[in-house]
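Trainee: After the structure tokens below, expect a handful of questions from me.
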Amino acid sequence: MDSESNLLEESSASSSSGFDRDRHVTFLELMYQLLPIQYQTQEINHLTLAYFVISSLDLLGAMDRVDKDIIASWVLSFQALPTKKAEKTNGEFYGFCGSRSSQFPPDEDGDLIHNGSHLASTYCALAILKVIGYDFSNIDSESIAISMRNLQQSDGSFVPVHIGAEADLRFVYCAAAICNMLENWSGMDRQKSKTYILNCQSYDGGFGLTPGSESHGGGTYCAIASLRLMGFIEDDLLSRDNSSSIINAPLLLEWCLQKQAADGGFQGRPNKPADTCYAFWIGSTLRILGGFDLINKKALKGFLLTCQFKYGGFSKFPRDFPDLYHTYYGFTAFSLLEEPNINSLFVELGITEASAWRI
């Protein structure tokens, strides 16, 4: 038997011991210092990976392990800034680049030759800055917000970069979260985005990433969280008068509850295996609706523990190796389950409540 198989067997044997916070903190400290070679192919998403590490440490109450000033300087170094006010409406987006490889130096006049700002990277950058308590008055929020309108399409959706790309609910959510964190809603036409989101609700109650597409756990979260951030739906929706709701909440509730699989985990679509991250995507949707208490919490916790690695972190599927994406969403799932020693989650933004409400 090879060493990888031995590690997986050891991890499986230890998964039933409960949530191991201390090992997870050690795992995150290692990831903060140096990412393993396997992450080389994800260099383009460096800022996103940092978001998973830093926000995870915040959830676990271990922000004393990092230098917030160094983090702030590093994150701000990815921001693309217009050199002239007129550039805010030149069709480009002035947000944050996701990595050094997508960040090009300015020309001799200080103008950007190629602007690699990305909507998802901007969301991650602002979320990190929220977590470390950075003073947002020091951010040129107007440049971000005004130029972000260049990314909104005529149907209300968003593309992530100004040169064009796919448009779907993921980037509507990023835009709504950015506006919420900046406290500046000039960056999007909320009514147009609301119409786009409602057109994504399928016959079965869930939301596809685009109108007419199959309902998907991640798309459903993006839809409901966006509507909540934009103020179009209230929290704990199921306890209110559904006749005035803009979405079919009872049908959505049924769809979400049907996604809890026999092994206790959540699947993103029917006939798919349960996956750690959907405990957040669908669990958070249920939290906003007010239906999270209707799930089998004991079974969900049991599934998540089978994805907990002996040396820290969470994997996508049981008895596999951990990665930062599923590690973070494993922590958020345990926060939803109110695991001791994990901070409360503000599900609409994907960061802790303390960070979300920090002025």
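Identifiers in the structure tokens: chain A, B, ... in order shown; residue index from 1 per chain; ligand index from 1 in order shown.
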Show me a table, sorted first by chain and then by increasing residue number, of the residues of region 18-122 of chain A having an atom at most 8 Å from region 304-316 of chain A, each with its shortest atom pair and the distance in Å to one decimal, counting only C-alpha atoms and written as CSV.
Mentor:
```
residue,atom,partner,partner_atom,distance
A:Gly18,CA,A:Leu305,CA,6.8
A:Phe19,CA,A:Leu305,CA,7.1
A:Asp20,CA,A:Gly312,CA,7.5
A:Arg23,CA,A:Gly312,CA,5.0
A:His24,CA,A:Gly312,CA,4.3
A:Val25,CA,A:Gly312,CA,7.6
A:Thr26,CA,A:Gly312,CA,7.2
A:Phe27,CA,A:Gly312,CA,5.1
A:Leu28,CA,A:Gly313,CA,7.9
```
Trainee: Restricted to N, CA and C atoms, what would the selected residues look like written as a PDB file, in the first residue's frame?
Mentor:
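Full text of selection12.pdb as output:
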```pdb
ATOM      1  N   GLY A  18     -14.569  14.077  16.095  1.00  0.00           N
ATOM      2  CA  GLY A  18     -15.143  15.405  16.271  1.00  0.00           C
ATOM      3  C   GLY A  18     -14.348  16.465  15.552  1.00  0.00           C
ATOM      4  N   PHE A  19     -14.873  17.670  15.551  1.00  0.00           N
ATOM      5  CA  PHE A  19     -14.232  18.781  14.867  1.00  0.00           C
ATOM      6  C   PHE A  19     -12.927  19.132  15.574  1.00  0.00           C
ATOM      7  N   ASP A  20     -11.816  19.100  14.817  1.00  0.00           N
ATOM      8  CA  ASP A  20     -10.487  19.264  15.398  1.00  0.00           C
ATOM      9  C   ASP A  20      -9.950  20.661  15.088  1.00  0.00           C
ATOM     10  N   ARG A  23      -5.942  21.399  14.965  1.00  0.00           N
ATOM     11  CA  ARG A  23      -5.260  20.879  13.773  1.00  0.00           C
ATOM     12  C   ARG A  23      -5.605  21.730  12.546  1.00  0.00           C
ATOM     13  N   HIS A  24      -6.852  22.180  12.482  1.00  0.00           N
ATOM     14  CA  HIS A  24      -7.255  23.026  11.360  1.00  0.00           C
ATOM     15  C   HIS A  24      -6.497  24.351  11.376  1.00  0.00           C
ATOM     16  N   VAL A  25      -6.301  24.931  12.546  1.00  0.00           N
ATOM     17  CA  VAL A  25      -5.561  26.189  12.646  1.00  0.00           C
ATOM     18  C   VAL A  25      -4.120  25.983  12.187  1.00  0.00           C
ATOM     19  N   THR A  26      -3.508  24.879  12.609  1.00  0.00           N
ATOM     20  CA  THR A  26      -2.135  24.572  12.186  1.00  0.00           C
ATOM     21  C   THR A  26      -2.062  24.406  10.677  1.00  0.00           C
ATOM     22  N   PHE A  27      -3.036  23.700  10.108  1.00  0.00           N
ATOM     23  CA  PHE A  27      -3.118  23.507   8.656  1.00  0.00           C
ATOM     24  C   PHE A  27      -3.189  24.858   7.947  1.00  0.00           C
ATOM     25  N   LEU A  28      -4.019  25.763   8.451  1.00  0.00           N
ATOM     26  CA  LEU A  28      -4.190  27.073   7.825  1.00  0.00           C
ATOM     27  C   LEU A  28      -2.926  27.927   7.961  1.00  0.00           C
TER      28      LEU A  28
END
```
Trainee: If we count only C-alpha atoms and set the cut-off at 9 Å, which residues sit around region 264-276 of chain A, ignoring sequence neighbours fewer than 6 positions away in its own chain? Please answer as a short mmCIF file (atom, residue, chain, number, x, y, z; two decimals) with N, CA and C atoms, in the first residue's frame.
Mentor:
```cif
data_model
loop_
_atom_site.label_atom_id
_atom_site.label_comp_id
_atom_site.auth_asym_id
_atom_site.auth_seq_id
_atom_site.Cartn_x
_atom_site.Cartn_y
_atom_site.Cartn_z
N GLU A 214 -30.38 24.14 -15.64
CA GLU A 214 -30.73 23.25 -14.53
C GLU A 214 -30.47 23.91 -13.18
N SER A 215 -31.39 23.67 -12.24
CA SER A 215 -31.19 24.19 -10.88
C SER A 215 -29.88 23.67 -10.30
N HIS A 216 -29.19 24.53 -9.57
CA HIS A 216 -27.85 24.22 -9.08
C HIS A 216 -27.69 24.84 -7.69
N GLY A 217 -27.04 24.11 -6.79
CA GLY A 217 -26.88 24.58 -5.42
C GLY A 217 -26.16 25.91 -5.32
N GLY A 218 -25.07 26.06 -6.06
CA GLY A 218 -24.31 27.30 -6.03
C GLY A 218 -25.09 28.45 -6.64
N CYS A 256 -34.47 22.51 -1.85
CA CYS A 256 -33.27 22.50 -1.00
C CYS A 256 -33.25 21.28 -0.08
N LEU A 257 -34.36 20.98 0.55
CA LEU A 257 -34.41 19.85 1.48
C LEU A 257 -34.18 18.53 0.76
N GLN A 258 -34.61 18.45 -0.48
CA GLN A 258 -34.41 17.22 -1.25
C GLN A 258 -32.95 17.00 -1.62
N ILE A 282 -26.23 25.32 -0.02
CA ILE A 282 -27.64 25.05 0.24
C ILE A 282 -28.00 25.34 1.69
N GLY A 283 -27.08 25.06 2.60
CA GLY A 283 -27.33 25.36 4.00
C GLY A 283 -27.56 26.85 4.23
N ASN A 296 -31.50 17.35 8.62
CA ASN A 296 -30.96 16.40 9.60
C ASN A 296 -29.54 16.85 9.94
N LYS A 297 -29.41 17.63 11.00
CA LYS A 297 -28.11 18.22 11.35
C LYS A 297 -27.10 17.16 11.79
N LYS A 298 -27.58 16.17 12.52
CA LYS A 298 -26.67 15.11 12.98
C LYS A 298 -26.06 14.37 11.80
N ALA A 299 -26.89 14.08 10.81
CA ALA A 299 -26.40 13.37 9.63
C ALA A 299 -25.43 14.24 8.85
N LEU A 300 -25.71 15.53 8.74
CA LEU A 300 -24.80 16.43 8.03
C LEU A 300 -23.45 16.49 8.73
N LYS A 301 -23.47 16.61 10.04
CA LYS A 301 -22.21 16.66 10.78
C LYS A 301 -21.43 15.36 10.58
N GLY A 302 -22.13 14.25 10.59
CA GLY A 302 -21.47 12.96 10.37
C GLY A 302 -20.80 12.91 9.01
N PHE A 303 -21.48 13.41 7.98
CA PHE A 303 -20.88 13.42 6.64
C PHE A 303 -19.64 14.31 6.62
N LEU A 304 -19.75 15.50 7.19
CA LEU A 304 -18.62 16.44 7.18
C LEU A 304 -17.40 15.86 7.88
N CYS A 307 -15.14 13.89 5.86
CA CYS A 307 -14.33 14.69 4.92
C CYS A 307 -13.23 15.47 5.63
N PHE A 314 -10.48 20.09 5.00
CA PHE A 314 -11.59 19.25 4.55
C PHE A 314 -11.45 18.95 3.06
N SER A 315 -11.94 17.79 2.69
CA SER A 315 -11.91 17.38 1.29
C SER A 315 -13.29 17.52 0.67
N LYS A 316 -13.34 17.40 -0.64
CA LYS A 316 -14.61 17.48 -1.37
C LYS A 316 -15.49 16.29 -1.05
N PHE A 317 -14.90 15.11 -1.11
CA PHE A 317 -15.62 13.86 -0.84
C PHE A 317 -15.00 13.15 0.36
N PRO A 318 -15.72 12.23 0.99
CA PRO A 318 -15.17 11.50 2.14
C PRO A 318 -13.88 10.78 1.81
N HIS A 326 -12.73 23.53 -0.26
CA HIS A 326 -13.64 22.72 0.54
C HIS A 326 -13.34 22.83 2.03
N THR A 327 -12.10 23.18 2.36
CA THR A 327 -11.78 23.43 3.77
C THR A 327 -12.59 24.62 4.29
N TYR A 329 -15.36 25.94 3.09
CA TYR A 329 -16.80 25.69 3.15
C TYR A 329 -17.16 24.59 4.15
N GLY A 330 -16.19 23.77 4.52
CA GLY A 330 -16.40 22.87 5.64
C GLY A 330 -16.54 23.65 6.94
N ALA A 333 -19.86 25.41 7.10
CA ALA A 333 -20.94 24.46 7.41
C ALA A 333 -21.00 24.18 8.90
#
```
Trainee: From the set A:Leu345, A:Trp357, A:Leu81, A:Trp255, which residue has the shortest atom-to-atom contact distance to Glu183 (chain A), counting only C-alpha atoms?
Mentor: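 Selected residue with least distance to Glu183 (chain A): A:Trp357.
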Trainee: So, with only C-alpha atoms as the atoms that count, which of A:Ala223, A:Leu30, A:Cys124, A:Leu237 lies closest to Arg287 (chain A)?
Mentor: A:Leu237
Trainee: Show me, as a VMD selection string, the residues that have an atom within 9 Å of Gly91 (chain A) when counting only C-alpha atoms, minus same-chain residues fewer than 6 positions from it.
Mentor: chain A and resid 147 149 to 151 162 to 163
Trainee: Mind dumping the selected residues with N, CA, C and O atoms as a PDB file, in the first residue's frame?
Mentor:
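Full text of selection.pdb as output:
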```pdb
ATOM      1  N   SER A 147     -17.112  52.078 -12.346  1.00  0.00           N
ATOM      2  CA  SER A 147     -16.598  51.260 -13.450  1.00  0.00           C
ATOM      3  C   SER A 147     -17.246  49.880 -13.496  1.00  0.00           C
ATOM      4  O   SER A 147     -17.275  49.236 -14.546  1.00  0.00           O
ATOM      5  N   ARG A 149     -20.306  49.226 -13.390  1.00  0.00           N
ATOM      6  CA  ARG A 149     -21.482  49.287 -14.260  1.00  0.00           C
ATOM      7  C   ARG A 149     -21.137  48.908 -15.700  1.00  0.00           C
ATOM      8  O   ARG A 149     -22.015  48.521 -16.480  1.00  0.00           O
ATOM      9  N   ASN A 150     -19.853  49.039 -16.065  1.00  0.00           N
ATOM     10  CA  ASN A 150     -19.419  48.640 -17.400  1.00  0.00           C
ATOM     11  C   ASN A 150     -19.553  47.142 -17.618  1.00  0.00           C
ATOM     12  O   ASN A 150     -19.545  46.673 -18.765  1.00  0.00           O
ATOM     13  N   LEU A 151     -19.664  46.385 -16.528  1.00  0.00           N
ATOM     14  CA  LEU A 151     -19.751  44.922 -16.627  1.00  0.00           C
ATOM     15  C   LEU A 151     -21.186  44.409 -16.667  1.00  0.00           C
ATOM     16  O   LEU A 151     -21.414  43.243 -16.981  1.00  0.00           O
ATOM     17  N   HIS A 162     -13.912  43.182 -18.228  1.00  0.00           N
ATOM     18  CA  HIS A 162     -14.443  44.126 -19.217  1.00  0.00           C
ATOM     19  C   HIS A 162     -14.268  43.658 -20.656  1.00  0.00           C
ATOM     20  O   HIS A 162     -14.960  44.139 -21.549  1.00  0.00           O
ATOM     21  N   ILE A 163     -13.364  42.715 -20.897  1.00  0.00           N
ATOM     22  CA  ILE A 163     -13.159  42.233 -22.268  1.00  0.00           C
ATOM     23  C   ILE A 163     -14.194  41.197 -22.670  1.00  0.00           C
ATOM     24  O   ILE A 163     -14.214  40.733 -23.801  1.00  0.00           O
TER      25      ILE A 163
END
```
Trainee: Where in region 158-202 of chain A does DSSP assign alpha helix (DSSP H), given as JSON, numbers by chain?
Mentor: {"A": [169, 170, 171, 172, 173, 174, 175, 176, 177, 178, 179, 180, 181, 182, 190, 191, 192, 193, 194, 195, 196, 197, 198]}
Trainee: Just checking: using only C-alpha atoms, which residue out of A:Leu57, A:Pro250, A:Ala175, A:Leu294 ends up closest to Gly187 (chain A)?
Mentor: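 Checking each candidate against Gly187 (chain A), we get A:Ala175 as the closest.
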Trainee: Quick one, how far is CA of Ser56 (chain A) from CA of Leu252 (chain A)?
Mentor: 28.9 Å
Trainee: Using only C-alpha atoms, which protein or nucleic acid residues come within 12 Å of Ala125 (chain A)? Drop anything in the same chain fewer than 2 positions from it, and give the result as JSON, numbers by chain.
Mentor: {"A": [45, 46, 47, 48, 49, 50, 51, 52, 54, 55, 71, 72, 73, 74, 75, 76, 77, 78, 79, 80, 95, 96, 97, 98, 99, 117, 118, 119, 120, 121, 122, 123, 127, 128, 129, 130, 131, 132, 134, 136, 139, 174, 177, 178, 181, 182]}
Trainee: I want to know what sits within 12 Å of Ile288 (chain A), based on only C-alpha atoms, with residues of the same chain fewer than 2 positions away left out; could you give that as a VMD selection string?
Mentor: chain A and resid 220 to 229 233 to 239 249 252 to 253 256 280 to 286 290 to 293 336 345 to 349
Trainee: Using only C-alpha atoms, find the one residue out of A:Leu289, A:Leu209, A:Leu337, A:Met148 that sits nearest to Glu254 (chain A).
Mentor: A:Leu289
Trainee: Any chance you could list, as a PyMOL selection string, the residues in region 170-338 of chain A that come up strand (DSSP E or B) when DSSP is run on the backbone?
Mentor: chain A and resi 201+207+260+266+308+314
Trainee: Go ahead and compute the interatomic distance for CA of Thr332 (chain A) and CA of Gly61 (chain A), in Å to one decimal.
Mentor: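 Between CA of Thr332 (chain A) and CA of Gly61 (chain A) the gap works out to 12.9 Å.
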Trainee: To one decimal place in Å, what is the distance between CA of Ile342 (chain A) and CA of Tyr173 (chain A)?
Mentor: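 A separation of 25.1 Å between them.
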Trainee: So, counting only C-alpha atoms, which residue among A:Ala145, A:Leu59, A:Cys179, A:Gln153 is closest to Ala167 (chain A)?
Mentor: A:Gln153
